[in-house]
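All remarks here apply to the structure that follows.
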Amino acid sequence: MKVRELMTTPAIRISADESVEVAARTLAHYNIGALPVCGSDGRVCGLVTDRDLVTRCLASGKMPVHTKIRDVMTGNVVSVRPDMEAGAAAHLMGRQQVRRLPVVENGKLCGMVSLGDLANRDESSMDAADALGDICSNISAR
């Protein structure tokens, strides 16, 4: 099974120039936990999660309305291609300690795939379980 068959499209995205407040409202509106950050050309330049908003903005006393996404996002983003095998994407999630990956084709964002997407399919559920085990074992080792 390929990532293309599991990914969510279209991917809801945000600009690095938007505020944390806009990101929080977007996450809540779409009931999602992460937003790829894209330039005007559609290329992924970062990723911001609900956890990033809390730990890098709120917990450090910054004002969400005045804080830009570029100041709280993760800049080094691991992504996958739509033609990648779902099992390989799950293993990548486990190695990289992430639960969501932007899907990029021809350099541009075309979707998102999450650990939940993998777990919901019989063909990739064991890979997702292994990835979650890798993520959890490394969290407990911190």
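As shown in the structure tokens, the chain order sets the letters A, B, ...; within each chain, residues go from 1, and ligands are also counted from 1 in the order they appear.
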For range 105-115 of chain A, work out the shell of residues within 10 Å, counting only C-alpha atoms and skipping chain neighbours fewer than 5 positions away, then give it as a PyMOL selection string.
chain A and resi 3-13+33-39+41-44+79-83+86+89-90+93-94+98-100+120+124-125+127-129+131-132
Give the alpha helix (DSSP H) residues of range 31-76 of chain A, as DSSP finds them on the backbone, and put them as a PyMOL selection string.
chain A and resi 50-53
Could you write out, as a PyMOL selection string, all the residues of range 3-130 of chain A that DSSP marks as strand (DSSP E or B)?
chain A and resi 8+14+19+34-38+44-49+68+74+80+85+100-105+108-114
Write the residues you've just listed into a file as a PDB file, in the first residue's frame, and include N, CA and C atoms for each of them.
ATOM      1  N   THR A   8      -4.219  12.356   3.714  1.00  0.00           N
ATOM      2  CA  THR A   8      -5.333  13.295   3.744  1.00  0.00           C
ATOM      3  C   THR A   8      -5.043  14.401   2.744  1.00  0.00           C
ATOM      4  N   ILE A  14      -0.418  26.518   6.543  1.00  0.00           N
ATOM      5  CA  ILE A  14      -0.350  27.870   7.080  1.00  0.00           C
ATOM      6  C   ILE A  14       0.944  28.517   6.617  1.00  0.00           C
ATOM      7  N   SER A  19      -0.015  34.355  12.574  1.00  0.00           N
ATOM      8  CA  SER A  19       0.182  34.356  14.031  1.00  0.00           C
ATOM      9  C   SER A  19      -0.143  32.991  14.634  1.00  0.00           C
ATOM     10  N   ALA A  34      -1.525  19.215  13.632  1.00  0.00           N
ATOM     11  CA  ALA A  34      -0.321  19.767  13.007  1.00  0.00           C
ATOM     12  C   ALA A  34      -0.685  20.468  11.710  1.00  0.00           C
ATOM     13  N   LEU A  35       0.108  21.486  11.409  1.00  0.00           N
ATOM     14  CA  LEU A  35      -0.049  22.224  10.157  1.00  0.00           C
ATOM     15  C   LEU A  35       1.296  22.321   9.462  1.00  0.00           C
ATOM     16  N   PRO A  36       1.371  21.904   8.211  1.00  0.00           N
ATOM     17  CA  PRO A  36       2.595  22.179   7.469  1.00  0.00           C
ATOM     18  C   PRO A  36       2.664  23.682   7.199  1.00  0.00           C
ATOM     19  N   VAL A  37       3.861  24.215   7.279  1.00  0.00           N
ATOM     20  CA  VAL A  37       4.092  25.632   7.017  1.00  0.00           C
ATOM     21  C   VAL A  37       4.686  25.717   5.616  1.00  0.00           C
ATOM     22  N   CYS A  38       4.017  26.475   4.756  1.00  0.00           N
ATOM     23  CA  CYS A  38       4.432  26.537   3.347  1.00  0.00           C
ATOM     24  C   CYS A  38       4.673  27.968   2.906  1.00  0.00           C
ATOM     25  N   VAL A  44       7.143  23.140   1.469  1.00  0.00           N
ATOM     26  CA  VAL A  44       7.119  23.041   2.926  1.00  0.00           C
ATOM     27  C   VAL A  44       8.406  23.628   3.501  1.00  0.00           C
ATOM     28  N   CYS A  45       8.249  24.573   4.424  1.00  0.00           N
ATOM     29  CA  CYS A  45       9.413  25.174   5.082  1.00  0.00           C
ATOM     30  C   CYS A  45       9.406  24.908   6.580  1.00  0.00           C
ATOM     31  N   GLY A  46       8.358  24.246   7.075  1.00  0.00           N
ATOM     32  CA  GLY A  46       8.285  23.945   8.494  1.00  0.00           C
ATOM     33  C   GLY A  46       7.028  23.161   8.812  1.00  0.00           C
ATOM     34  N   LEU A  47       6.873  22.875  10.089  1.00  0.00           N
ATOM     35  CA  LEU A  47       5.695  22.190  10.597  1.00  0.00           C
ATOM     36  C   LEU A  47       5.435  22.747  11.983  1.00  0.00           C
ATOM     37  N   VAL A  48       4.181  23.013  12.283  1.00  0.00           N
ATOM     38  CA  VAL A  48       3.830  23.499  13.615  1.00  0.00           C
ATOM     39  C   VAL A  48       2.732  22.601  14.173  1.00  0.00           C
ATOM     40  N   THR A  49       2.913  22.181  15.420  1.00  0.00           N
ATOM     41  CA  THR A  49       1.952  21.302  16.082  1.00  0.00           C
ATOM     42  C   THR A  49       1.290  22.035  17.230  1.00  0.00           C
ATOM     43  N   LYS A  68       4.691  35.050  15.604  1.00  0.00           N
ATOM     44  CA  LYS A  68       4.595  34.479  14.255  1.00  0.00           C
ATOM     45  C   LYS A  68       4.898  32.985  14.292  1.00  0.00           C
ATOM     46  N   THR A  74       8.811  23.985  13.766  1.00  0.00           N
ATOM     47  CA  THR A  74       9.981  23.145  13.555  1.00  0.00           C
ATOM     48  C   THR A  74      10.392  23.339  12.111  1.00  0.00           C
ATOM     49  N   VAL A  80       7.539  12.679   3.170  1.00  0.00           N
ATOM     50  CA  VAL A  80       7.508  11.465   2.356  1.00  0.00           C
ATOM     51  C   VAL A  80       6.902  11.796   0.999  1.00  0.00           C
ATOM     52  N   GLU A  85       6.023   3.356   0.135  1.00  0.00           N
ATOM     53  CA  GLU A  85       5.249   2.301   0.788  1.00  0.00           C
ATOM     54  C   GLU A  85       4.818   2.777   2.181  1.00  0.00           C
ATOM     55  N   ARG A 100       3.211  12.560  12.417  1.00  0.00           N
ATOM     56  CA  ARG A 100       2.621  13.081  11.184  1.00  0.00           C
ATOM     57  C   ARG A 100       3.726  13.456  10.216  1.00  0.00           C
ATOM     58  N   LEU A 101       3.465  13.255   8.933  1.00  0.00           N
ATOM     59  CA  LEU A 101       4.443  13.603   7.906  1.00  0.00           C
ATOM     60  C   LEU A 101       3.756  14.331   6.755  1.00  0.00           C
ATOM     61  N   PRO A 102       4.334  15.439   6.314  1.00  0.00           N
ATOM     62  CA  PRO A 102       3.845  16.056   5.084  1.00  0.00           C
ATOM     63  C   PRO A 102       4.180  15.143   3.899  1.00  0.00           C
ATOM     64  N   VAL A 103       3.300  15.113   2.936  1.00  0.00           N
ATOM     65  CA  VAL A 103       3.521  14.345   1.712  1.00  0.00           C
ATOM     66  C   VAL A 103       3.844  15.368   0.620  1.00  0.00           C
ATOM     67  N   VAL A 104       5.002  15.187  -0.002  1.00  0.00           N
ATOM     68  CA  VAL A 104       5.499  16.154  -0.968  1.00  0.00           C
ATOM     69  C   VAL A 104       5.727  15.481  -2.320  1.00  0.00           C
ATOM     70  N   GLU A 105       5.233  16.139  -3.362  1.00  0.00           N
ATOM     71  CA  GLU A 105       5.438  15.657  -4.721  1.00  0.00           C
ATOM     72  C   GLU A 105       5.893  16.834  -5.581  1.00  0.00           C
ATOM     73  N   LYS A 108       6.357  20.114  -3.762  1.00  0.00           N
ATOM     74  CA  LYS A 108       5.233  20.841  -3.177  1.00  0.00           C
ATOM     75  C   LYS A 108       4.349  19.931  -2.331  1.00  0.00           C
ATOM     76  N   LEU A 109       3.757  20.515  -1.312  1.00  0.00           N
ATOM     77  CA  LEU A 109       2.860  19.782  -0.423  1.00  0.00           C
ATOM     78  C   LEU A 109       1.647  19.283  -1.193  1.00  0.00           C
ATOM     79  N   CYS A 110       1.340  17.993  -1.026  1.00  0.00           N
ATOM     80  CA  CYS A 110       0.148  17.446  -1.687  1.00  0.00           C
ATOM     81  C   CYS A 110      -0.745  16.690  -0.708  1.00  0.00           C
ATOM     82  N   GLY A 111      -0.318  16.535   0.548  1.00  0.00           N
ATOM     83  CA  GLY A 111      -1.140  15.842   1.528  1.00  0.00           C
ATOM     84  C   GLY A 111      -0.415  15.696   2.843  1.00  0.00           C
ATOM     85  N   MET A 112      -1.076  15.038   3.786  1.00  0.00           N
ATOM     86  CA  MET A 112      -0.489  14.713   5.093  1.00  0.00           C
ATOM     87  C   MET A 112      -0.851  13.271   5.399  1.00  0.00           C
ATOM     88  N   VAL A 113       0.072  12.585   6.069  1.00  0.00           N
ATOM     89  CA  VAL A 113      -0.207  11.224   6.523  1.00  0.00           C
ATOM     90  C   VAL A 113       0.160  11.159   8.001  1.00  0.00           C
ATOM     91  N   SER A 114      -0.711  10.530   8.772  1.00  0.00           N
ATOM     92  CA  SER A 114      -0.499  10.433  10.212  1.00  0.00           C
ATOM     93  C   SER A 114      -0.389   8.977  10.642  1.00  0.00           C
TER      94      SER A 114
END
List as a short mmCIF file (atom, residue, chain, number, x, y, z; two decimals) with N, CA and C atoms, in the first residue's frame the protein and nucleic acid residues near Val54 in chain A, meaning an atom at most 12 Å away when only C-alpha atoms are counted, but skip any in the same chain fewer than 4 places from it.
data_model
loop_
_atom_site.label_atom_id
_atom_site.label_comp_id
_atom_site.auth_asym_id
_atom_site.auth_seq_id
_atom_site.Cartn_x
_atom_site.Cartn_y
_atom_site.Cartn_z
N VAL A 20 0.38 32.77 15.81
CA VAL A 20 0.07 31.56 16.57
C VAL A 20 -1.42 31.49 16.84
N GLU A 21 -2.05 32.63 17.06
CA GLU A 21 -3.50 32.65 17.29
C GLU A 21 -4.24 32.07 16.09
N ALA A 23 -3.04 29.99 13.89
CA ALA A 23 -2.73 28.55 13.84
C ALA A 23 -3.60 27.78 14.83
N ALA A 24 -3.74 28.29 16.04
CA ALA A 24 -4.54 27.60 17.05
C ALA A 24 -6.00 27.49 16.61
N GLY A 33 -3.88 18.18 14.59
CA GLY A 33 -2.82 18.46 15.55
C GLY A 33 -1.58 19.07 14.96
N VAL A 48 4.18 23.01 12.28
CA VAL A 48 3.83 23.50 13.61
C VAL A 48 2.73 22.60 14.17
N THR A 49 2.91 22.18 15.42
CA THR A 49 1.95 21.30 16.08
C THR A 49 1.29 22.04 17.23
N ASP A 50 0.20 21.45 17.72
CA ASP A 50 -0.46 22.02 18.89
C ASP A 50 0.52 22.08 20.07
N LEU A 58 3.00 29.73 24.47
CA LEU A 58 2.29 29.97 25.73
C LEU A 58 3.16 29.76 26.96
N ALA A 59 3.86 28.63 27.01
CA ALA A 59 4.66 28.32 28.20
C ALA A 59 5.83 29.29 28.39
N SER A 60 6.25 29.93 27.31
CA SER A 60 7.36 30.89 27.44
C SER A 60 6.85 32.33 27.56
N GLY A 61 5.55 32.49 27.76
CA GLY A 61 4.99 33.80 28.04
C GLY A 61 4.77 34.71 26.84
N LYS A 62 4.83 34.16 25.65
CA LYS A 62 4.61 34.98 24.45
C LYS A 62 3.11 35.13 24.19
N MET A 63 2.76 36.20 23.54
CA MET A 63 1.36 36.47 23.19
C MET A 63 1.05 35.83 21.83
N PRO A 64 0.08 34.93 21.77
CA PRO A 64 -0.26 34.25 20.51
C PRO A 64 -0.61 35.20 19.38
N VAL A 72 7.90 29.65 16.21
CA VAL A 72 7.58 28.47 17.02
C VAL A 72 7.58 27.16 16.24
N MET A 73 7.70 27.24 14.92
CA MET A 73 7.62 26.03 14.09
C MET A 73 8.92 25.23 14.16
#
Distance of CA of Met84 in chain A from CA of Thr26 in chain A, expressed in Å to one decimal place:
28.2 Å
CA of Val78 in chain A and CA of His66 in chain A, how far apart in Å?
27.6 Å
